[in-house]
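Just below is one structure, and these are the notes that go with it.
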Amino acid sequence: MTTLETKWQKKCEEAKIFEVDSDMKKKKFFITIPYPYISGSLHIGHARVVTEADVYSRYYRMNNYNVLFPIAFHISGMPVLGIATAIKNKDTKKIELYKAYVKNYVADSKKAEKIVASFEDPRKIVDFFIPKMKDEFSSLGIAVDWRRSFTSGDFEHQKLVEWQFKKYKEKGYLVQGKHPVLYSLEYKNAVGEDDIADGDIYPVDKQEFTLLKFKFDDAFIIAATLRPETMYGQTNMWANPEADYVKAEIGKEKWIISRECAEKLKYQDKEVKILKTISGKDLIGKKCLAPVVEKKVLILPFKKANPNIATGFVTSVPSDAPFDYIGLKELQSSPALCKKYNLDYREIKNIKLIPIIKSKGYGDHPAKEICEKNKISSLAQEKELSEATQEIYCAGFHTGIMQDNCKQYAGMSVQQAKEEIKTNLIKKGIADIFYETSRPAVDRSSGKIIVAILDNQWFIDFNAKNWKQTAHNCLENMEIVPNKYKKQFEDVFAWLDKRPCARRRGLGTKLPFDKNWVIESLSDSTIYMSLYAIANKIKKFKLKEEQLNNEFFNYVYLSEGGLKEAVKKTKISEKQLKELREEFDYWYPNDHRHTFTAHLANHLSFMIFAHAAIFPKEKWPKKITFHGMVISEGEKMSKSKGNTVSLLDIKNKFGADSFRAFMCNSTSVESTFDWKTAEIEHMKKHVELLYNMLIGLSKNKSPGDVGEKAKAFVSKIEKKTQKATEAISQMDLRTYSTIVLHELLTEYKQVSKKLDENEIKKVNNYLLEKWLKLLTPLIPHHAEEIWSRLGKKGFISLEKWPESDVSKINPVAEYQENLVNDLIIDIKTVMNLAKIPNAKTIKIIISADWKYHFFAMLKELLEKTRDQGSIIKSIMSTNLKKYGNEIMKMLPSLLKDPSKIPIIILDQKTELQSIETVKKDIETEFRTSVILELCEESKEPKAKQSNPGKPAIVVT
RNA sequence: GCAGGGGUAGCGAAGUCUGGUCAAACGCGCAGGACUUAAGAUCCUGUUCCUUAGUGGAUCCGAGGGUUCAAAUCCCUUCCCCUGCACCA
């Protein structure tokens, strides 16, 4: 099969039928997918999105649209750079991995090694993989105009992004500010999941602690908490007797904090000057002034106070914190322990829990209660204590109400109090914010990871001025499929605030006004689809980087600044500039973007905002459709599971058309697509079967009217053509493919059983081209092959989509056919049940004439009402009254289940005629004689059972 | 935590917006039959249960309630599963 496919891919490429230029006489259709990221080989996730877009766009092409489907490539950000760095650092795992990739294309092992070695230059990775990716995509039979391809590292892309960000800046959409990030002390840079040891398995979060200042001599002891709302329950301070603390100047204040904390504070926007070391032991037994409760509290020993976490001091709230409760209890129950630290046991013993929060399921002292319930009695039960803390935290967060002693916060929910207390304390200068990692973490070179606050981080401010409103307008006018995602967009829009849009590292475009920053890889790909419109011309005209300046995009994209001025500033000829402008104006906006749901909250939302910011209304995107996840053999695809499927696998093992058919038919566009090797094997056979059958049809056809016996068949085919057209036009590829792959085949099989050779030839002639064209978007290669074998010139991909001839849709004919089919099945069943394998005669008794009138009337009445009383009344007021008894027997069951009334009610005469036409066939089928009679004339007791559409059967 | 999606036959998956013709498309699997020396492929038939000369009846779309003449579909409660959440493309 592959040879057939490569042959047609080559022919299409040579004929350049998918390379399109503006054509004012034709309507355009411009469809895009997110450009794929370069990293290793393409898999079925990529295959899904391009294939769906392709099938759909082929339908448009066959409806006389000038269809543009381009694909570019994304290389911004860390991954490509990461590969290059790993290879530079002789990371054997990565080198082996990429050797394996490269060997897919380069057989010679030495050559492959050399190529991989060259990958320490990221550009080499891009240059190597992009042609391969284009080939792999093309092997799926997608109709892409590759002349318009580019990468996000190319100058035309970067110049466009520069232009965009200058526009953002002019409009005040960019702001600078502080921003916490995970930061490696070793790399001296922000880090992501990939840079952190085990970052993928145990993700690291940023946690926000509230720092509280406890007056102590001329300084403050700084305690850190995640629960500022519990501050009214403080009873004491915890310090680690084994840790070293420092006294340090932090701005204008003196703080006592762990040595580690002092180091971290330097990265969190604080001036730090260490004055002296203080041993934790020396603090034990002393007192400091607790904020909020405004009282002196004892500093007590607590080994769980970790100098590596936050400040190394913890304020103790034993009523609500299990750790604090047990820590205190251990001291209170051990005079010896108190003595060890020179503490006054009676004073310790006197410390009482202070109730502060009332949560559902708990009394005044949740920590005490849960420890008693879970039998926790020692700080050594770390795991149990952590779980208990979680549980209380959850209960408090969701159901907790602040108690009366919490002053102005009394009666408030915990959720609300938490925020308010924090903000108020900060305002008063007795609290501060500190960020800590959610777990101890190191980077891949074992350097420590902390949270650092970047001072002049660039943000895109989605709340700036009227931007959100404009974005909403844009969304409002867009078609979103499935529509439920429109609401989700709205939710995302509401939540979008400031987003960091530049980074310190990675590939990409530098911020034009601050070259220390690289524009972040999602922010640099929000309007690139506009470049497809002119990318081929930029190449053709051999434009240079410096020519694609502000004036260039202002003129070509916005028609601003005037042609003369643009010519002067860009040094591009008037003719070329005009042509570029026309090309852009013709193709843009993007009519349709097909993407993965995961992109909604970021890429797609940014795309909408970007267009709203930069472009006039008529250039805003028109439509977004979503596809679902891709899994393989019921599981998430992953290399470790060995269930990944590459495009090369598809090409070599199954063929593009089988894949296309299988994928479209196995799930609806918005649902999860599950790759199943066994099932695609089936589809491969099915495609072959269709192919052979259609070739067969092409050799056995003759023109002419299909004839009476195929009337119902034609009706069904026309109806299904209509349905398939409707489905594909709404991108319901599943319904569409089910019809063209299976339903048409079933119908054809059935009708061909009934027809003689001559009749079949005419049916074949009627069906062949129509069916073939219906199949073309789905299995284009096979369709082209058959088309050429029919002796047709040109490509079927460029043919006109078949129209459904509505005048041939004939419900009565279909009904009659069904009636006869059911009749035959019924006869078989009866013969089976009655155990009469060889019947002498089959008597078919047509229902009494009055029943047709009754059924028809009942059907009509049911449209209006379901009320039995009024239905009876209406019927009895007609001359059907004389059958009142029988009617009353039948009516309840008909009302209960109206499906017993046939969809179409013929009259007695027509029904008799329908059966008469097939009388002979029934006789042949059962090798017996058939007698037809009317109920009124029949002496059979069974005759009364006959109903419209359901003749009585008597076999003897 | 925040936001969103979903639970339908042995399995996958339509149907849900717009309630009725839904025991539920289509595919896979399974069973029986045809073809074949045989296997595979292909074709036909069947595939909730009971009952039966085709009729009929019961159960039924995670669980429980409600609205309605009528609910897989609308409303409420509840259980379970999945996805995303910003130096990550």
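Here, A, B, ... name the chains of the structure tokens in the order displayed, residue numbers run from 1 inside each chain, and ligands are numbered from 1 in the same displayed order.
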
Surrounding residues of Leu861 in chain A excluding itself and chain neighbours under 5 positions, 10 Å, only C-alpha atoms (C1' of nucleotides), as an MDAnalysis selection string: chainID A and resid 855:856 866:867 870:872 874:875

Just want the 8 Å neighbourhood of Leu454 in chain A, counted on only C-alpha atoms (C1' of nucleotides), with same-chain residues fewer than 6 positions away dropped. Output as a PDB file with N, CA and C atoms, in the first residue's frame.
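New file selection_1.pdb:
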ATOM      1  N   GLY A 177       8.008  44.077  37.094  1.00  0.00           N
ATOM      2  CA  GLY A 177       7.765  43.961  38.520  1.00  0.00           C
ATOM      3  C   GLY A 177       8.473  42.773  39.113  1.00  0.00           C
ATOM      4  N   LYS A 178       8.166  42.564  40.390  1.00  0.00           N
ATOM      5  CA  LYS A 178       8.811  41.458  41.091  1.00  0.00           C
ATOM      6  C   LYS A 178       8.068  40.161  40.798  1.00  0.00           C
ATOM      7  N   HIS A 179       8.844  39.081  40.788  1.00  0.00           N
ATOM      8  CA  HIS A 179       8.218  37.807  40.482  1.00  0.00           C
ATOM      9  C   HIS A 179       9.023  36.664  41.084  1.00  0.00           C
ATOM     10  N   PRO A 180       8.396  35.805  41.884  1.00  0.00           N
ATOM     11  CA  PRO A 180       9.136  34.679  42.458  1.00  0.00           C
ATOM     12  C   PRO A 180       9.309  33.548  41.440  1.00  0.00           C
ATOM     13  N   VAL A 181      10.503  32.982  41.394  1.00  0.00           N
ATOM     14  CA  VAL A 181      10.750  31.833  40.502  1.00  0.00           C
ATOM     15  C   VAL A 181      11.617  30.816  41.250  1.00  0.00           C
ATOM     16  N   GLN A 268      15.634  37.322  47.756  1.00  0.00           N
ATOM     17  CA  GLN A 268      14.218  37.685  47.777  1.00  0.00           C
ATOM     18  C   GLN A 268      14.064  39.172  48.069  1.00  0.00           C
ATOM     19  N   ASP A 269      14.849  39.916  47.342  1.00  0.00           N
ATOM     20  CA  ASP A 269      14.642  41.352  47.359  1.00  0.00           C
ATOM     21  C   ASP A 269      14.938  42.006  48.702  1.00  0.00           C
TER      22      ASP A 269
END

Top pick for closest residue to A13 in chain B, considering B:C26, B:C74, B:G1, B:G66 and counting only C-alpha atoms (C1' of nucleotides): B:C26

Close residues, range 740-748 of chain A itself excluded, 8 Å, only C-alpha atoms (C1' of nucleotides), min 4 positions apart in chain, as a PyMOL selection string: (chain A and resi 690+713+716-717+720+724+736+752+771+774-775) or (chain B and resi 26)

Quick one: write out the picked residues with N, CA and C atoms (P, O5', C5', C4', C3', O3' and C1' of nucleotides) as a PDB file, in the first residue's frame?
ATOM      1  N   LEU A 690     -12.452  -2.121   0.341  1.00  0.00           N
ATOM      2  CA  LEU A 690     -13.163  -1.053  -0.367  1.00  0.00           C
ATOM      3  C   LEU A 690     -12.492  -0.771  -1.708  1.00  0.00           C
ATOM      4  N   PHE A 713     -32.849   1.909  -2.520  1.00  0.00           N
ATOM      5  CA  PHE A 713     -31.400   2.009  -2.350  1.00  0.00           C
ATOM      6  C   PHE A 713     -30.904   3.407  -2.702  1.00  0.00           C
ATOM      7  N   LYS A 716     -31.774   5.863  -0.101  1.00  0.00           N
ATOM      8  CA  LYS A 716     -30.910   5.786   1.083  1.00  0.00           C
ATOM      9  C   LYS A 716     -29.546   6.392   0.799  1.00  0.00           C
ATOM     10  N   ILE A 717     -29.011   6.119  -0.378  1.00  0.00           N
ATOM     11  CA  ILE A 717     -27.684   6.659  -0.715  1.00  0.00           C
ATOM     12  C   ILE A 717     -27.739   8.188  -0.758  1.00  0.00           C
ATOM     13  N   LYS A 720     -27.895   9.432   2.729  1.00  0.00           N
ATOM     14  CA  LYS A 720     -26.611   9.278   3.421  1.00  0.00           C
ATOM     15  C   LYS A 720     -25.567  10.264   2.881  1.00  0.00           C
ATOM     16  N   ALA A 724     -23.729  12.643   5.299  1.00  0.00           N
ATOM     17  CA  ALA A 724     -22.261  12.677   5.336  1.00  0.00           C
ATOM     18  C   ALA A 724     -21.752  14.089   5.077  1.00  0.00           C
ATOM     19  N   TYR A 736     -19.243  11.186   9.551  1.00  0.00           N
ATOM     20  CA  TYR A 736     -18.901  11.187   8.125  1.00  0.00           C
ATOM     21  C   TYR A 736     -18.205   9.895   7.724  1.00  0.00           C
ATOM     22  N   SER A 752     -27.219  -5.328  -3.781  1.00  0.00           N
ATOM     23  CA  SER A 752     -26.680  -6.154  -4.859  1.00  0.00           C
ATOM     24  C   SER A 752     -27.165  -7.596  -4.766  1.00  0.00           C
ATOM     25  N   TRP A 771     -19.490   7.802  -4.543  1.00  0.00           N
ATOM     26  CA  TRP A 771     -18.869   7.194  -3.367  1.00  0.00           C
ATOM     27  C   TRP A 771     -17.381   7.541  -3.308  1.00  0.00           C
ATOM     28  N   LEU A 774     -16.876  10.942  -2.117  1.00  0.00           N
ATOM     29  CA  LEU A 774     -17.161  11.032  -0.693  1.00  0.00           C
ATOM     30  C   LEU A 774     -16.004  10.494   0.140  1.00  0.00           C
ATOM     31  N   LEU A 775     -15.301   9.536  -0.429  1.00  0.00           N
ATOM     32  CA  LEU A 775     -14.181   8.925   0.299  1.00  0.00           C
ATOM     33  C   LEU A 775     -12.890   9.742   0.202  1.00  0.00           C
TER      34      LEU A 775
ATOM     35  P     C B  26     -25.229  -0.318  13.108  1.00  0.00           P
ATOM     36  O5'   C B  26     -23.725   0.196  13.047  1.00  0.00           O
ATOM     37  C5'   C B  26     -23.284   1.077  12.019  1.00  0.00           C
ATOM     38  C4'   C B  26     -21.883   1.527  12.322  1.00  0.00           C
ATOM     39  C3'   C B  26     -20.929   0.402  12.713  1.00  0.00           C
ATOM     40  O3'   C B  26     -20.427  -0.291  11.592  1.00  0.00           O
ATOM     41  C1'   C B  26     -20.714   2.156  14.262  1.00  0.00           C
TER      42        C B  26
END

Proximal residues of chain B relative to chain A (only C-alpha atoms (C1' of nucleotides); 6 Å) as a list in words: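 Output check: U21, A53, G54, C69 and C87 of chain B.
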
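Counting only C-alpha atoms and comparing A:Tyr267, A:Phe795, A:Tyr815, A:Phe609, the residue that lies closest to Ile17 in chain A is A:Phe795.
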
Shell around range 566-577 of chain A at 10 Å using only C-alpha atoms (C1' of nucleotides), local window under 5 positions removed, as a ChimeraX atom specification: /A:537-538,541,543-544,546-556,559-561,582-583

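Minimum distance to G56 in chain B across A:Glu936, A:Pro941, A:Glu120, A:Ser893 (counting only C-alpha atoms (C1' of nucleotides)) occurs at A:Ser893.
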